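These notes are about the structure you will find just below.
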Amino acid sequence: MSDLLSCLNPPQLQAVTLPPVHGLILAGAGSGKTRVLTTRIAWLISTGQVSPHGVLAVTFTNKAAREMQARLAALLPIHPRGLWIGTFHGLCHRMLRAHYQDAALPQAFQILDTADQLALIKRLLKNLGVDDEKYPPKEVMYFINAQKEQGIRAAQVEAFDPYTRRKAELYAEYEAVCQREGGVDFAELLLRCYELLCRNEPLRRHYQQRFRHILVDEFQDTNRLQYAWLKLLAAADQRGAQEAGAALFAVGDDDQSIYAFRGAEVANMREFERHFAAANLIRLEQNYRSQGNILSAANALIQNNRERLGKNLWTDAGEGEPIRVFEGFTDLDEARFVVDEVRALADEEGMARSQMAFLYRSNAQSRVLEHELFSRGIPYRVYGGLRFFERQEIKHALAYLRLMANPDDDTAFLRVVNFPTRGIGARTLENLQATAHQINSSLYNAAASLSGKAGVTVGGFVRLIEQLRRETDGLNLPETVTHVIEISGLAGHYRNEKEGQERLENLDELINASTLFVAEAGEEGNNTANEGEANALLAFLTHASLESGEHQAGEGQEAVQLMSVHAAKGLEFDAVFITGLEQGLFPHENAAQERDGLEEERRLMYVAMTRARKRLYLSYAQSRLLHGQTRYCLPSAFLDEIPPELLKRLTKARPIAPKMPAWSSTMHNNEPPPEEKLPGGLRVGMNVRHAKFGFGVIVESEGEGEQARVQVNFGSAGMKWLALAYARLEPA
DNA sequence: ACAGCGTTAGTTTTT
DNA sequence: CTAACGCTGT
């Protein structure tokens, strides 16, 4: 026991051994957040204050959940069974499966990932004859998800304008289709589970009495619905009602909240503090990761944000090296510099390449860096591409499996009904969809009512699925997957394709994944063996949707790491290069429009800086090729927020880039640009001509130089905002 | 059914 | 500039 607690610093110890009350732990970057979380669980269990049965630990990512599980297994003498550790989605899914009838879901309900959801919405819009210019599928999807994340059902949407009203109608239609097909999207997992617990009192009581301790990781990333779900489970709606419910132990860092754009509410932290934890707010401010200068710089930067809970990181590791700042002429220049530096660090200081990272605000920036690394023969690894379960061949294979588990899954049906091609064209499918609509059934069921030649082809497909179901009856999961890939014709199709080799390998990988899945499920005693194969298949399909697959295998290769700042959260490196530190790029120009957008960008910068252990490089370029055009840039305002004495400028005051237009030289001295004439000699009030919209007059402008946008009244074609960098406007 | 063309948009991301 | 999407013609 003393072992468990002996290596904690005082605030960590205080957090870990907090009595069973609500607590909010403000855990700075590198302050041992995960350690506190896991040690507390271990402490609670090993001191007999709670049985493993009574603990619920919630994370956002599977990775974090796995890490917690692994650390706990190391801390506790026995592997704790009955411990609920998982993601919000994973845990909600678990409850919905257990109580699918109470939740009014079919037993074999399928999880729709983002791609499935979008496909369903597109199909829905088409069937309803909705103009997808006016209602772009993506926007409808964002709308629906945003509502669900607020806990709002279609019927409850407050729509004061016809546009929103229409979207609410589409939301209602979407709900109906999902219900009929047995599809549950990510947000629905949470909302359904929340509603289930709200409405079903015995069930709610059951879980409220069961969980004595609820621990939440990355609390600053929770959205409203997730917070409501936590409060409900903890029976924490009223003050002082804690005897009835669980102690909520929330760990987070408001300064590292970088997901507001997907609904995260930092406000939840303040709310939590106000509501429960005023007396139990603990700050973890000692940082075990970065050296002093890096922390000082990060602290100075983040102090520019308002509305913080407040926190200052410190270290006893010493000041360390200054932060190096590089200014390049162009993005290529910048790339050459960072790659040179990587080589020097590796060759001269013996630093491992895997301990160096290039971070950037947007993924498009990786191109130049990759190109330079490639041409210099330095191994590198880029994060953030397509993930395993999102690949088309994998989704195809899964669609066959899904259809076998749940014939009502029209999304799966449409994905593979004609893949590989079996002569079922758009016409046939139109007829089929009409029939299905008439008899109010799934496409699969409607197939039987189809007559003529179409009936034969579609019937053949249905028979194929039935054949697959029959033939795999009694087979184990990997055998089933193998059989389906072969008999469905997928394997044959890719064997005949020139570029099919890699896809075939991925399909093999899917079989491996299913083997691994069965093995792990058996090991953890998830009694998959006696649940029967149908459930094994269902569980595997769930796994595939909820765990979209590691980015790529081959961790720890001796390669430089390339990723967006978002993707870097939670990681650390000896040397970090933050590239593209230019106004408009980082902070990103679009962030200026959003509420508190700049503050979120600053938090992003804070996250980026605090990834570095020993060395931090900040670099930017005077000009950058963006969207195929040269764009001239100001250094990021964030550079000015770091005390100059912490910085070491590697470039002397350099001449400005060649061919730089006169207007941008003034921009370089941090002077506000003069009242700009718009590029191309345009000006507000001018008459212009546009290739598509015809003649118009500029009524308003915004932004400057390459980023300028103008509002043009085109008369009959209406009022449009156009980016001058894209729109070819000619004076008329 | 599918290749080839033209049009369009162009942050961040996990589940 | 480039990737992705949708439409058209064979």
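In the structure tokens, each chain is lettered A, B, ... as it comes, each chain's residues begin at 1, and ligands are numbered from 1 in order of appearance.
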
Give me, as a ChimeraX atom specification, all polymer residues having an atom no more than 6 Å from stretch 624-639 of chain A, counting only C-alpha atoms (C1' of nucleotides) and skipping those fewer than 6 positions away in the same chain. /A:330-331,581-583 /C:1

Considering only C-alpha atoms (C1' of nucleotides), extract the chain B residues located within 7 Å of chain A and return them as a PyMOL selection string. chain B and resi 11-12+14-15

Produce a file of the selected residues containing N, CA and C atoms (P, O5', C5', C4', C3', O3' and C1' of nucleotides), as a PDB file, in the first residue's frame.
```
ATOM      1  P    DT B  11      -9.142  23.011 -45.481  1.00  0.00           P
ATOM      2  O5'  DT B  11     -10.066  23.437 -44.376  1.00  0.00           O
ATOM      3  C5'  DT B  11      -9.930  23.592 -43.043  1.00  0.00           C
ATOM      4  C4'  DT B  11      -8.667  23.032 -42.364  1.00  0.00           C
ATOM      5  C3'  DT B  11      -8.798  21.622 -41.838  1.00  0.00           C
ATOM      6  O3'  DT B  11      -7.516  21.099 -41.635  1.00  0.00           O
ATOM      7  C1'  DT B  11      -8.995  23.180 -40.114  1.00  0.00           C
ATOM      8  P    DT B  12      -7.384  19.545 -41.382  1.00  0.00           P
ATOM      9  O5'  DT B  12      -7.543  19.494 -39.806  1.00  0.00           O
ATOM     10  C5'  DT B  12      -6.401  19.675 -39.001  1.00  0.00           C
ATOM     11  C4'  DT B  12      -6.813  19.670 -37.557  1.00  0.00           C
ATOM     12  C3'  DT B  12      -7.617  18.438 -37.173  1.00  0.00           C
ATOM     13  O3'  DT B  12      -6.749  17.533 -36.546  1.00  0.00           O
ATOM     14  C1'  DT B  12      -8.560  20.448 -36.269  1.00  0.00           C
ATOM     15  P    DT B  14      -8.462  10.953 -34.200  1.00  0.00           P
ATOM     16  O5'  DT B  14      -9.037  10.161 -32.928  1.00  0.00           O
ATOM     17  C5'  DT B  14      -9.209  10.830 -31.696  1.00  0.00           C
ATOM     18  C4'  DT B  14     -10.530  10.371 -31.121  1.00  0.00           C
ATOM     19  C3'  DT B  14     -10.912   8.966 -31.583  1.00  0.00           C
ATOM     20  O3'  DT B  14     -10.858   8.114 -30.459  1.00  0.00           O
ATOM     21  C1'  DT B  14     -12.751  10.471 -31.785  1.00  0.00           C
ATOM     22  P    DT B  15     -11.095   6.565 -30.736  1.00  0.00           P
ATOM     23  O5'  DT B  15     -12.678   6.416 -30.572  1.00  0.00           O
ATOM     24  C5'  DT B  15     -13.283   6.922 -29.388  1.00  0.00           C
ATOM     25  C4'  DT B  15     -14.787   6.832 -29.553  1.00  0.00           C
ATOM     26  C3'  DT B  15     -15.271   5.546 -30.208  1.00  0.00           C
ATOM     27  O3'  DT B  15     -16.077   4.821 -29.287  1.00  0.00           O
ATOM     28  C1'  DT B  15     -16.292   7.441 -31.198  1.00  0.00           C
TER      29       DT B  15
END
```

Non-local contacts of C:DC5 (10 Å; only C-alpha atoms (C1' of nucleotides); under 2 positions in same chain excluded) as a ChimeraX atom specification: /B:7-8 /C:3,7

Can you pull out every residue from stretch 345-547 of chain A that DSSP, working from the backbone, puts in alpha helix (DSSP H), and format the result as number ranges by chain? A: 345-349, 366-375, 392-405, 410-416, 426-438, 443-446, 452-471, 477-487, 490-496, 500-523, 528-531, 533-546

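The space between atom CA of A:Gly54 and atom CA of A:Ala234 spans 11.5 Å.
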
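Going from atom CA of A:Ala176 to atom CA of A:Glu139 covers 18.8 Å.
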
Any idea what the distance is between atom CA of A:Phe413 and atom CA of A:Ala397?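 That distance, rounded to one decimal, is 11.6 Å.
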